[in-house]
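For reference, the structure is listed below as structure tokens.
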Amino acid sequence: MTEPRVLTCDEARDLAPLFAIRALEPADMAAVRQHLAGCSDAHPETLELGEAATALLDTVEPVQPPAGLKSRLLAAAAADLSEGRHPSVSSAASAVASVAPATPGALAAAAPANVIDLAAARERRRGRLSWLVAVAAVIAVVALGGLNLSLRSELGAAQAYQDGVNRALDLAAQPGSVTALLANADGSVSGFGVVGADGTVRLTMRGLGPTTGSQVYTAWAIEGDGAPVPIGDFTVGANGVATATAKSPTAAPGATLALTLEPTRGATAPTLPIVAAGVTRDPAG
Amino acid sequence: MNDTRPDPAAVPGAPAAPTDEQLLAGLAAGQLDALDALYERYKTMAYGIARRITADDVLAEDVVQDAFLGAWRSAGRYVTGRGSVKTWLLAIVHHRAIDSVRRRRPVAALPEEETGSLTPDALQLPDVWGEVSGRLDQAQVHAALASLSTAQREAVELAYFGGLSQTEIAARTGVPLGTVKSRVRLALVAMRRELGLSVSIGVDAEGSS
């Protein structure tokens, strides 16, 4: 790519109207941007024209989006957290880079330390569980959002999933437990994993393809740069929901939990692709 | 005297809803419920804008999802004082929608810088957005738009809602590039005047070049 050409203040002013409505050719857009970034003049005309342009957004009629859009958005955002793409996730999430496509630069972003509690005081009284309850609520929304409730089998799957989440929450409430949101890239597979202080793992997943024959899903724990350690196998029925218990060698936050589909039980190395993955974190911290 | 007491809540006794700024801070901190709330607040405007620009329901959904995910990942880069959260968010939706229709357009008109310098999914945060949008009512903006000449309105709408560049507008409307530039300038200045906003920009160039 070539460097943007250097503009004088007069040239930047001349281009301001077209810049404000993004109608300049890309090279000129870049040139104006570069000028504004380095110019001692505040160029108020750019803001004034930009404001007039954004006022046009108010002329557009609001339209109700399809209901499924919110579920997809929240699932994708949850996957961001579990896969370390969100700037708030600690750099311990870089362990995921080995199992999931990482976004360049995302991990370099500084993590804001300041977490504002959006819920009211009653949420705060629940202490460390409030975060988990919020997460579980989102997962339930995600689960229900994709369902056609007229189908009884799917309602059953939602119930099975909810039961699994509830059991996992019990473990998550114990001191020393760490939690992870697991998901794949598009959010079609998602779930919740809890590792107790003694290494007991409760995993609840939805959206998994059913296993056939000798196939199993294998859960793996990956600590730092270490090799994946198999921690348990399970099968999945037609409803795509799994609630499984496993034993992890590590209960420290920052470990990656991952799922793969294996041809038989007892795999010692994961068969790619990774079906879902997430990084454990201390829910209190 | 009790008039110094702060009274932030609009509805006495009701729990104050989080402000847009608080929700955005929640996004920066990775709070999914904040994203949920911000989406609920602006989903119909966002989807309306995306549909208007893309004229495609499915593409519009992708645009809205990408824009909110972009805000989710970039909330920490929002600059307080340069405009409202609402306008920032809707400007992201607007940019994303324009990018998607430009990508879809099968023209050779896209210079290679566009594809060469941007990764396909790079999110363009708004350069300028301001906060007037949050304070105006729709009828006022419609009236301001109606006050423009047909040629001015056409130039602005082709660019802002059609995603056309200056060159493409000139070709479409059969006028020189300089005329497109002056029409857009006159249109935006007139919009500000009609909206009762200060205008410091000289309107020297008549749209005759």
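Identifiers in the structure tokens: chain A, B, ... in order shown; residue index from 1 per chain; ligand index from 1 in order shown.
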Name the residues in contact with Leu171 (chain A) at a cut-off of 12 Å, using only C-alpha atoms, excluding same-chain residues fewer than 6 positions from it; report them as a ChimeraX atom specification. /A:129,132,164-165,177-179,192-203,245
Dump as a PDB file, in the first residue's frame, selection limited to N, CA and C atoms:
```pdb
ATOM      1  N   LEU A 129     -21.698 -14.806  42.684  1.00  0.00           N
ATOM      2  CA  LEU A 129     -22.566 -15.568  41.789  1.00  0.00           C
ATOM      3  C   LEU A 129     -23.254 -14.699  40.742  1.00  0.00           C
ATOM      4  N   LEU A 132     -22.059 -15.171  37.304  1.00  0.00           N
ATOM      5  CA  LEU A 132     -22.450 -16.464  36.753  1.00  0.00           C
ATOM      6  C   LEU A 132     -23.912 -16.489  36.347  1.00  0.00           C
ATOM      7  N   GLY A 164     -28.464 -28.943  33.027  1.00  0.00           N
ATOM      8  CA  GLY A 164     -27.008 -29.061  33.066  1.00  0.00           C
ATOM      9  C   GLY A 164     -26.368 -27.777  33.559  1.00  0.00           C
ATOM     10  N   VAL A 165     -26.882 -26.640  33.083  1.00  0.00           N
ATOM     11  CA  VAL A 165     -26.343 -25.341  33.520  1.00  0.00           C
ATOM     12  C   VAL A 165     -26.542 -25.183  35.021  1.00  0.00           C
ATOM     13  N   SER A 177     -13.469 -22.593  42.377  1.00  0.00           N
ATOM     14  CA  SER A 177     -13.899 -23.043  41.058  1.00  0.00           C
ATOM     15  C   SER A 177     -13.580 -21.987  40.000  1.00  0.00           C
ATOM     16  N   VAL A 178     -13.279 -22.472  38.808  1.00  0.00           N
ATOM     17  CA  VAL A 178     -13.108 -21.553  37.675  1.00  0.00           C
ATOM     18  C   VAL A 178     -14.112 -21.946  36.595  1.00  0.00           C
ATOM     19  N   THR A 179     -14.468 -20.987  35.730  1.00  0.00           N
ATOM     20  CA  THR A 179     -15.508 -21.238  34.733  1.00  0.00           C
ATOM     21  C   THR A 179     -15.010 -20.852  33.351  1.00  0.00           C
ATOM     22  N   PHE A 192     -21.014 -24.221  28.728  1.00  0.00           N
ATOM     23  CA  PHE A 192     -20.513 -23.664  29.964  1.00  0.00           C
ATOM     24  C   PHE A 192     -19.726 -24.761  30.659  1.00  0.00           C
ATOM     25  N   GLY A 193     -18.491 -24.508  31.010  1.00  0.00           N
ATOM     26  CA  GLY A 193     -17.686 -25.488  31.718  1.00  0.00           C
ATOM     27  C   GLY A 193     -17.254 -24.937  33.066  1.00  0.00           C
ATOM     28  N   VAL A 194     -17.274 -25.794  34.086  1.00  0.00           N
ATOM     29  CA  VAL A 194     -16.820 -25.380  35.411  1.00  0.00           C
ATOM     30  C   VAL A 194     -15.788 -26.390  35.883  1.00  0.00           C
ATOM     31  N   VAL A 195     -14.671 -25.902  36.401  1.00  0.00           N
ATOM     32  CA  VAL A 195     -13.672 -26.789  36.987  1.00  0.00           C
ATOM     33  C   VAL A 195     -13.607 -26.488  38.478  1.00  0.00           C
ATOM     34  N   GLY A 196     -13.935 -27.493  39.298  1.00  0.00           N
ATOM     35  CA  GLY A 196     -13.892 -27.317  40.745  1.00  0.00           C
ATOM     36  C   GLY A 196     -12.454 -27.321  41.250  1.00  0.00           C
ATOM     37  N   ALA A 197     -12.271 -26.926  42.510  1.00  0.00           N
ATOM     38  CA  ALA A 197     -10.920 -26.834  43.078  1.00  0.00           C
ATOM     39  C   ALA A 197     -10.209 -28.183  43.044  1.00  0.00           C
ATOM     40  N   ASP A 198     -10.979 -29.293  43.096  1.00  0.00           N
ATOM     41  CA  ASP A 198     -10.356 -30.619  43.079  1.00  0.00           C
ATOM     42  C   ASP A 198     -10.198 -31.171  41.666  1.00  0.00           C
ATOM     43  N   GLY A 199     -10.488 -30.339  40.654  1.00  0.00           N
ATOM     44  CA  GLY A 199     -10.324 -30.784  39.275  1.00  0.00           C
ATOM     45  C   GLY A 199     -11.567 -31.390  38.657  1.00  0.00           C
ATOM     46  N   THR A 200     -12.647 -31.512  39.437  1.00  0.00           N
ATOM     47  CA  THR A 200     -13.898 -32.022  38.862  1.00  0.00           C
ATOM     48  C   THR A 200     -14.419 -31.036  37.816  1.00  0.00           C
ATOM     49  N   VAL A 201     -14.754 -31.559  36.653  1.00  0.00           N
ATOM     50  CA  VAL A 201     -15.235 -30.702  35.565  1.00  0.00           C
ATOM     51  C   VAL A 201     -16.696 -31.020  35.278  1.00  0.00           C
ATOM     52  N   ARG A 202     -17.538 -30.003  35.243  1.00  0.00           N
ATOM     53  CA  ARG A 202     -18.915 -30.185  34.778  1.00  0.00           C
ATOM     54  C   ARG A 202     -19.048 -29.377  33.508  1.00  0.00           C
ATOM     55  N   LEU A 203     -19.465 -30.070  32.463  1.00  0.00           N
ATOM     56  CA  LEU A 203     -19.522 -29.464  31.141  1.00  0.00           C
ATOM     57  C   LEU A 203     -20.958 -29.556  30.636  1.00  0.00           C
ATOM     58  N   THR A 245     -19.405 -35.061  33.080  1.00  0.00           N
ATOM     59  CA  THR A 245     -18.496 -34.834  34.199  1.00  0.00           C
ATOM     60  C   THR A 245     -17.142 -35.416  33.828  1.00  0.00           C
TER      61      THR A 245
END
```
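Distances here use only C-alpha atoms; by that measure, the residue among A:Arg281, A:Arg265, A:His35, A:Arg72 closest to chain B is A:Arg72.
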Counting only C-alpha atoms, what is within 7 Å of region 44-47 of chain B, bar same-chain residues fewer than 2 positions away, as a CSV table (one decimal) with C-alpha atoms, in the first residue's frame?
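In the end it all went to around00.csv:
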```csv
chain,number,residue,atom,x,y,z
A,62,PRO,CA,-36.8,2.2,12.4
A,63,VAL,CA,-37.5,-1.5,11.5
A,64,GLN,CA,-37.8,-4.4,13.9
A,65,PRO,CA,-35.0,-6.9,13.2
B,42,TYR,CA,-31.0,0.8,19.2
B,49,ILE,CA,-30.4,2.1,8.5
B,50,ALA,CA,-28.8,-1.2,7.4
B,51,ARG,CA,-31.9,-2.2,5.4
B,60,ALA,CA,-28.8,-6.0,6.7
B,64,VAL,CA,-26.1,-5.0,12.3
B,90,LEU,CA,-25.4,4.3,14.3
B,93,VAL,CA,-23.8,0.7,11.3
```
Give me the residues within 9 Å of Ser74 (chain B) as a PyMOL selection string, counting only C-alpha atoms and dropping any in the same chain fewer than 3 places off. (chain A and resi 86-87) or (chain B and resi 27-28+69-71+77-78+125)
